[in-house]
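> My questions will all concern the structure given below.
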Amino acid sequence: MEKAARNPNHELLRLLAMYMIVFIHANIYLGAFCEGRLWTFFNGMVNGICNIGVSCFILISGYYGVKFSIRKFVKMECMMITYSLLETAFLFWMAPEQMQGAALLEQLIKSFLPFITRKYWFYSAYVCLLFLSGYLQKFIDCLDRETFKRLLLLLLTLFSVLPTVFYFEQIPDNGKGLVQMLMVYMIGRYIRMYQDIRLPKKAGIIFILLWILNGISHEIPIQIGGIYHHLCKDNSITNLIMALILFYAFKELKLFRTWNEGKNGKNGKAGKAVNKAAGYVFAVFALNNTFVTVGMERLLQEGLQSVGGMIGFLELAGIVAAVLLGCLLIGAIRELLFGRLDQKLGIFVENKLTFLH
């Protein structure tokens with residue numbers, strides 16, 4: 001598998017995807033910032049688009065490809081252990097009543113075993129993808145273009161189209177799991193290998209229409225007995241199409257004019273800064289939900305007052321941006337303090353395993 005140079009446009013999309021993920025978690029507090037019809041509008045708007053964040057992230061991973069190495073796995077596990085312990089300390093400080101006895105013990109065990117315990121579903125699924133990536137690429141290389149396309153269409157039908165239309169799922173996880181991740185990753189590989197094209201301008205209109213459809217679906221869901229069905233799920237075909245359109249759109253943006261396509265692509269200072277920041281996104285995956293929940297609860301207890309309306313929504317958007325930037329800063333500080341140690345530990349473990357083999 002060729003190692004493509006990273007286009008900073010896609011890394012910017014990765015950061016935007018993280019912003020959307022944080023916004024989904026923060027949006028449950030939207031009622032504290034606006035109400036009435038504005039609440040309905042903004043709630044539909046946020047939910048109508050922000051669930052495409054994970055799909056955008058994995059499309060990018062598939063497009064550039066991921067490659068397993070012991071060093072990479074050790075580094076990722078060390079990162080997540082650090083973030084998880086920090087999260088536990090933060091919860092113990094801010095909500096000590098929740099971190100007592102068995103609850104604290106469980107949190108500590110999960111903190112030291114984040115992958116195995118699936119403390120963060122995305123991280124555990126991503127590591128599984130990392131383990132499988134080499135075998136997956138060998139399998140893809142054995143397929144001709146038409147067979148690969150038919151396989152993807154079959155996967156999309158089974159795990160995206162049917163759940164979108166009929167509500168019922170073969171994998172009951174709303175797309176938050178390994179099956180969806182593998183499928184979207186393979187779509188990214190297919191784009192890189194066969195479909196690296198420019199989308200027509202009308203794709204933007206399709207994006208807006210699907211966004212509106214998603215928002216309406218969220219605010220007026222289908223409710224029959226125990227069924228509560230809307231389109232704002234990770235595995236909805238509407239979300240996947242929106243993610244694909246956004247992926248192509250960012251690919252063609254001319255935001256970083258010093259960027260040159262190809263394996264030897266070069267970035268200017270802005271492009272390098274974006275690529276650097278995107279390297280810390282797992283800190284956001286690990287910490288954002290707790291920071292949002294505890295932070296917003298504390299603000300509400302302290303009597304948070306919002307002016308409401310559009311300004312209120314922008315206040316919430318600003319809080320989301322602050323959480324994102326805070327998590328990225330923590331990731332950067334952690335890399336500065338422990339980056340070399342991660343590397344040495346990874347080399348040590350890799351050498352030991354090679355020796356045993």
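Labels for the structure tokens follow display order: chains A, B, ..., residues from 1 in each chain, ligands from 1.
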Would you write out, as CSV, a table of all residues in segment 306-331 of chain A that have an atom no more than 12 Å from an atom of segment 44-55 of chain A, listing for each the closest atom pair and the distance in Å to one decimal, considering only C-alpha atoms and ordering rows by chain and rising residue number?

residue,atom,partner,partner_atom,distance
A:Phe313,CA,A:Val46,CA,10.5
A:Leu316,CA,A:Val46,CA,11.4
A:Ala317,CA,A:Val46,CA,10.3
> What would the file look like if the residues just selected were written as an mmCIF file, in the first residue's frame with N, CA and C atoms?

data_model
loop_
_atom_site.group_PDB
_atom_site.id
_atom_site.type_symbol
_atom_site.label_atom_id
_atom_site.label_comp_id
_atom_site.auth_asym_id
_atom_site.auth_seq_id
_atom_site.Cartn_x
_atom_site.Cartn_y
_atom_site.Cartn_z
ATOM 1 N N PHE A 313 -26.944 30.317 20.798
ATOM 2 C CA PHE A 313 -26.394 29.184 20.043
ATOM 3 C C PHE A 313 -24.909 29.389 19.777
ATOM 4 N N LEU A 316 -22.886 28.472 22.788
ATOM 5 C CA LEU A 316 -22.661 27.028 22.886
ATOM 6 C C LEU A 316 -21.594 26.587 21.893
ATOM 7 N N ALA A 317 -21.649 27.133 20.677
ATOM 8 C CA ALA A 317 -20.641 26.806 19.666
ATOM 9 C C ALA A 317 -19.248 27.201 20.150
#
> Just list as a PyMOL selection string whatever in segment 36-272 of chain A DSSP marks as helix (DSSP H, G or I).
chain A and resi 36-50+53-64+70-94+96-98+101-112+114-117+121-141+145-166+178-194+202-219+237-252+269-272
> Could I get the residues of segment 279-304 of chain A with an atom no further than 7 Å from an atom of segment 324-339 of chain A, each paired with its nearest atom pair and that distance in Å to one decimal, using only C-alpha atoms, sorted by chain and residue number, as JSON lines?

{"residue": "A:Tyr280", "atom": "CA", "partner": "A:Gly331", "partner_atom": "CA", "distance": 5.0}
{"residue": "A:Val281", "atom": "CA", "partner": "A:Leu328", "partner_atom": "CA", "distance": 6.4}
{"residue": "A:Ala283", "atom": "CA", "partner": "A:Gly331", "partner_atom": "CA", "distance": 5.4}
{"residue": "A:Val284", "atom": "CA", "partner": "A:Cys327", "partner_atom": "CA", "distance": 5.1}
{"residue": "A:Leu287", "atom": "CA", "partner": "A:Cys327", "partner_atom": "CA", "distance": 6.7}
{"residue": "A:Asn288", "atom": "CA", "partner": "A:Cys327", "partner_atom": "CA", "distance": 6.9}
> So which bits of segment 135-281 of chain A end up strand (DSSP E or B) when you DSSP the backbone, as a list in words?
Ile222, Gln223, Ile224, Ile227, Tyr228 and His229 of chain A
> Compare A:Met296, A:Leu13, A:Met186, A:Ile212 by their minimum atom-to-atom distance to Leu129 of chain A, counting only C-alpha atoms, and give me the closest one.
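The shortest atom-to-atom distance to Leu129 of chain A comes from A:Met186.
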> Point out the residue among A:Tyr190, A:Phe256, A:Trp211, A:Phe139 with the least atom-to-atom distance to Thr238 of chain A, counting only C-alpha atoms.
A:Trp211
> Report as a tab-separated table: every residue of segment 167-214 of chain A with an atom at most 10 Å from segment 246-253 of chain A, its closest pair of atoms, and their distance in Å to one decimal, counting only C-alpha atoms, with rows sorted by chain and ascending residue number.

residue	atom	partner	partner_atom	distance
A:Gly188	CA	A:Phe247	CA	9.6
A:Ile191	CA	A:Tyr248	CA	9.7
A:Asp196	CA	A:Tyr248	CA	8.6
A:Ile197	CA	A:Tyr248	CA	8.0
A:Arg198	CA	A:Tyr248	CA	7.0
A:Leu199	CA	A:Tyr248	CA	6.8
A:Pro200	CA	A:Ala249	CA	9.9
A:Lys201	CA	A:Ala249	CA	9.6
A:Ala203	CA	A:Ala249	CA	9.0
A:Gly204	CA	A:Ala249	CA	8.5
A:Phe207	CA	A:Leu246	CA	8.1
> Residues near segment 25-41 of chain A, anyone? I mean within 10 Å using only C-alpha atoms, not counting same-chain ones fewer than 4 positions away, as a ChimeraX atom specification.
/A:20-21,45-47,50,215-216,218-219,288-293,295-297,300,304-317,319-320,323
> Restricted to N, CA and C atoms, what would the selected residues look like written as an mmCIF file, in the first residue's frame?

data_model
loop_
_atom_site.group_PDB
_atom_site.id
_atom_site.type_symbol
_atom_site.label_atom_id
_atom_site.label_comp_id
_atom_site.auth_asym_id
_atom_site.auth_seq_id
_atom_site.Cartn_x
_atom_site.Cartn_y
_atom_site.Cartn_z
ATOM 1 N N MET A 20 -17.522 18.480 15.244
ATOM 2 C CA MET A 20 -18.888 17.973 15.145
ATOM 3 C C MET A 20 -19.176 16.925 16.219
ATOM 4 N N ILE A 21 -18.203 16.077 16.490
ATOM 5 C CA ILE A 21 -18.389 15.045 17.514
ATOM 6 C C ILE A 21 -18.575 15.683 18.891
ATOM 7 N N MET A 45 -30.633 21.214 13.194
ATOM 8 C CA MET A 45 -29.465 21.578 12.394
ATOM 9 C C MET A 45 -28.212 20.847 12.867
ATOM 10 N N VAL A 46 -27.990 20.833 14.191
ATOM 11 C CA VAL A 46 -26.795 20.184 14.738
ATOM 12 C C VAL A 46 -26.855 18.681 14.534
ATOM 13 N N ASN A 47 -27.987 18.077 14.900
ATOM 14 C CA ASN A 47 -28.095 16.627 14.755
ATOM 15 C C ASN A 47 -28.144 16.196 13.296
ATOM 16 N N CYS A 50 -23.934 16.693 12.442
ATOM 17 C CA CYS A 50 -22.777 16.390 13.282
ATOM 18 C C CYS A 50 -22.501 14.905 13.459
ATOM 19 N N GLY A 215 -32.290 16.787 9.545
ATOM 20 C CA GLY A 215 -32.782 17.635 10.628
ATOM 21 C C GLY A 215 -34.270 17.463 10.866
ATOM 22 N N ILE A 216 -35.046 17.415 9.789
ATOM 23 C CA ILE A 216 -36.491 17.202 9.924
ATOM 24 C C ILE A 216 -36.772 15.834 10.520
ATOM 25 N N HIS A 218 -34.929 14.161 12.519
ATOM 26 C CA HIS A 218 -34.608 14.131 13.947
ATOM 27 C C HIS A 218 -35.696 14.782 14.782
ATOM 28 N N GLU A 219 -36.261 15.866 14.274
ATOM 29 C CA GLU A 219 -37.280 16.584 15.037
ATOM 30 C C GLU A 219 -38.670 15.964 14.881
ATOM 31 N N ASN A 288 -13.332 14.626 25.533
ATOM 32 C CA ASN A 288 -14.342 15.651 25.283
ATOM 33 C C ASN A 288 -15.662 15.396 25.983
ATOM 34 N N ASN A 289 -16.118 14.158 26.016
ATOM 35 C CA ASN A 289 -17.438 13.880 26.602
ATOM 36 C C ASN A 289 -17.472 14.220 28.087
ATOM 37 N N THR A 290 -16.434 13.823 28.806
ATOM 38 C CA THR A 290 -16.365 14.127 30.235
ATOM 39 C C THR A 290 -16.217 15.621 30.473
ATOM 40 N N PHE A 291 -15.352 16.281 29.697
ATOM 41 C CA PHE A 291 -15.169 17.722 29.860
ATOM 42 C C PHE A 291 -16.473 18.471 29.589
ATOM 43 N N VAL A 292 -17.199 18.059 28.550
ATOM 44 C CA VAL A 292 -18.465 18.708 28.226
ATOM 45 C C VAL A 292 -19.477 18.486 29.335
ATOM 46 N N THR A 293 -19.643 17.226 29.752
ATOM 47 C CA THR A 293 -20.667 16.895 30.751
ATOM 48 C C THR A 293 -20.407 17.589 32.078
ATOM 49 N N GLY A 295 -18.255 20.044 32.748
ATOM 50 C CA GLY A 295 -18.168 21.490 32.598
ATOM 51 C C GLY A 295 -19.532 22.154 32.483
ATOM 52 N N MET A 296 -20.415 21.575 31.662
ATOM 53 C CA MET A 296 -21.731 22.169 31.502
ATOM 54 C C MET A 296 -22.565 22.044 32.770
ATOM 55 N N GLU A 297 -22.476 20.916 33.451
ATOM 56 C CA GLU A 297 -23.211 20.758 34.707
ATOM 57 C C GLU A 297 -22.751 21.778 35.732
ATOM 58 N N LEU A 300 -24.115 25.228 34.785
ATOM 59 C CA LEU A 300 -25.540 25.338 35.088
ATOM 60 C C LEU A 300 -25.765 25.492 36.592
ATOM 61 N N LEU A 304 -25.585 29.632 35.085
ATOM 62 C CA LEU A 304 -25.279 30.110 33.747
ATOM 63 C C LEU A 304 -26.463 30.869 33.155
ATOM 64 N N GLN A 305 -26.209 32.067 32.673
ATOM 65 C CA GLN A 305 -27.244 32.889 32.053
ATOM 66 C C GLN A 305 -26.865 33.152 30.599
ATOM 67 N N SER A 306 -27.762 32.791 29.687
ATOM 68 C CA SER A 306 -27.518 33.029 28.275
ATOM 69 C C SER A 306 -28.523 34.048 27.758
ATOM 70 N N VAL A 307 -28.101 34.846 26.785
ATOM 71 C CA VAL A 307 -29.009 35.831 26.219
ATOM 72 C C VAL A 307 -30.028 35.176 25.299
ATOM 73 N N GLY A 308 -29.773 33.907 24.936
ATOM 74 C CA GLY A 308 -30.720 33.174 24.108
ATOM 75 C C GLY A 308 -30.610 33.534 22.635
ATOM 76 N N GLY A 309 -31.501 32.935 21.820
ATOM 77 C CA GLY A 309 -31.530 33.222 20.392
ATOM 78 C C GLY A 309 -30.264 32.783 19.678
ATOM 79 N N MET A 310 -29.961 33.471 18.594
ATOM 80 C CA MET A 310 -28.771 33.156 17.814
ATOM 81 C C MET A 310 -27.504 33.333 18.637
ATOM 82 N N ILE A 311 -27.465 34.381 19.459
ATOM 83 C CA ILE A 311 -26.290 34.606 20.310
ATOM 84 C C ILE A 311 -26.094 33.440 21.272
ATOM 85 N N GLY A 312 -27.194 32.915 21.813
ATOM 86 C CA GLY A 312 -27.102 31.779 22.714
ATOM 87 C C GLY A 312 -26.507 30.571 22.023
ATOM 88 N N PHE A 313 -26.944 30.317 20.798
ATOM 89 C CA PHE A 313 -26.394 29.184 20.043
ATOM 90 C C PHE A 313 -24.909 29.389 19.777
ATOM 91 N N LEU A 314 -24.520 30.621 19.445
ATOM 92 C CA LEU A 314 -23.111 30.905 19.207
ATOM 93 C C LEU A 314 -22.284 30.744 20.488
ATOM 94 N N GLU A 315 -22.890 31.038 21.637
ATOM 95 C CA GLU A 315 -22.205 30.805 22.914
ATOM 96 C C GLU A 315 -21.895 29.322 23.086
ATOM 97 N N LEU A 316 -22.886 28.472 22.788
ATOM 98 C CA LEU A 316 -22.661 27.028 22.886
ATOM 99 C C LEU A 316 -21.594 26.587 21.893
ATOM 100 N N ALA A 317 -21.649 27.133 20.677
ATOM 101 C CA ALA A 317 -20.641 26.806 19.666
ATOM 102 C C ALA A 317 -19.248 27.201 20.150
ATOM 103 N N ILE A 319 -18.268 27.378 23.334
ATOM 104 C CA ILE A 319 -17.872 26.426 24.380
ATOM 105 C C ILE A 319 -17.344 25.150 23.756
ATOM 106 N N VAL A 320 -18.003 24.691 22.706
ATOM 107 C CA VAL A 320 -17.546 23.499 21.992
ATOM 108 C C VAL A 320 -16.145 23.716 21.434
ATOM 109 N N VAL A 323 -13.614 23.510 24.262
ATOM 110 C CA VAL A 323 -13.359 22.123 24.663
ATOM 111 C C VAL A 323 -12.435 21.446 23.662
#
> Would you mind telling me which residue in A:Ser160, A:Leu153, A:Ala125, A:Lys202 lies nearest to Ile187 of chain A when using only C-alpha atoms?
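When distances to Ile187 of chain A are compared using only C-alpha atoms, the smallest one comes from A:Leu153.
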> Leaving out Lys75 of chain A and any residue of its chain fewer than 4 positions from it, which residues lie within 12 Å of it when counting only C-alpha atoms, given as a PyMOL selection string?
chain A and resi 68-71+79-82+127+282+334-335+338-350
> Can you spit out the residues from that selection as a compact mmCIF listing (two decimals), in the first residue's frame, using C-alpha atoms?

# COMPACT_ATOMS: atom_id res chain seq x y z
CA PHE A 68 -0.03 -1.70 11.74
CA SER A 69 3.17 -1.64 13.73
CA ILE A 70 3.94 -2.61 17.30
CA ARG A 71 5.42 0.83 17.90
CA MET A 79 -1.68 7.86 24.94
CA MET A 80 -5.10 6.50 25.82
CA ILE A 81 -3.96 5.27 29.25
CA THR A 82 -2.62 8.75 29.98
CA VAL A 127 -7.26 -0.47 17.09
CA PHE A 282 -7.36 11.07 20.08
CA ARG A 334 1.36 15.04 26.47
CA GLU A 335 3.35 14.53 23.28
CA PHE A 338 6.01 11.62 26.85
CA GLY A 339 6.53 11.41 23.08
CA ARG A 340 10.12 10.16 23.30
CA LEU A 341 9.23 7.73 26.07
CA ASP A 342 6.44 6.31 23.90
CA GLN A 343 8.92 5.81 21.09
CA LYS A 344 11.52 4.10 23.29
CA LEU A 345 8.90 1.85 24.87
CA GLY A 346 7.54 0.97 21.42
CA ILE A 347 11.02 0.04 20.17
CA PHE A 348 11.64 -2.02 23.33
CA VAL A 349 8.38 -3.97 23.00
CA GLU A 350 8.90 -4.45 19.27
> So how many Å separate atom CA of Gln107 of chain A and atom CA of Phe122 of chain A, to one decimal?
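Computing it gives 17.5 Å between the two atoms.
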> Could you state the separation of atom CA of Leu210 of chain A and atom CA of Ile237 of chain A in Å, given to one decimal place?
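Atom-to-atom, atom CA of Leu210 of chain A to atom CA of Ile237 of chain A, that is 10.0 Å.
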> From the set A:Lys138, A:Lys233, A:Arg14, A:Arg189, which residue has the shortest atom-to-atom contact distance to Lys176 of chain A, counting only C-alpha atoms?
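Looking at the shortest contact to Lys176 of chain A, the residue is A:Lys233.
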> Which polymer residues have any atom within 10 Å of an atom of His229 of chain A, counting only C-alpha atoms, with same-chain residues fewer than 2 positions away left out, as a ChimeraX atom specification?
/A:163-168,217-218,220-224,226-227,231-233
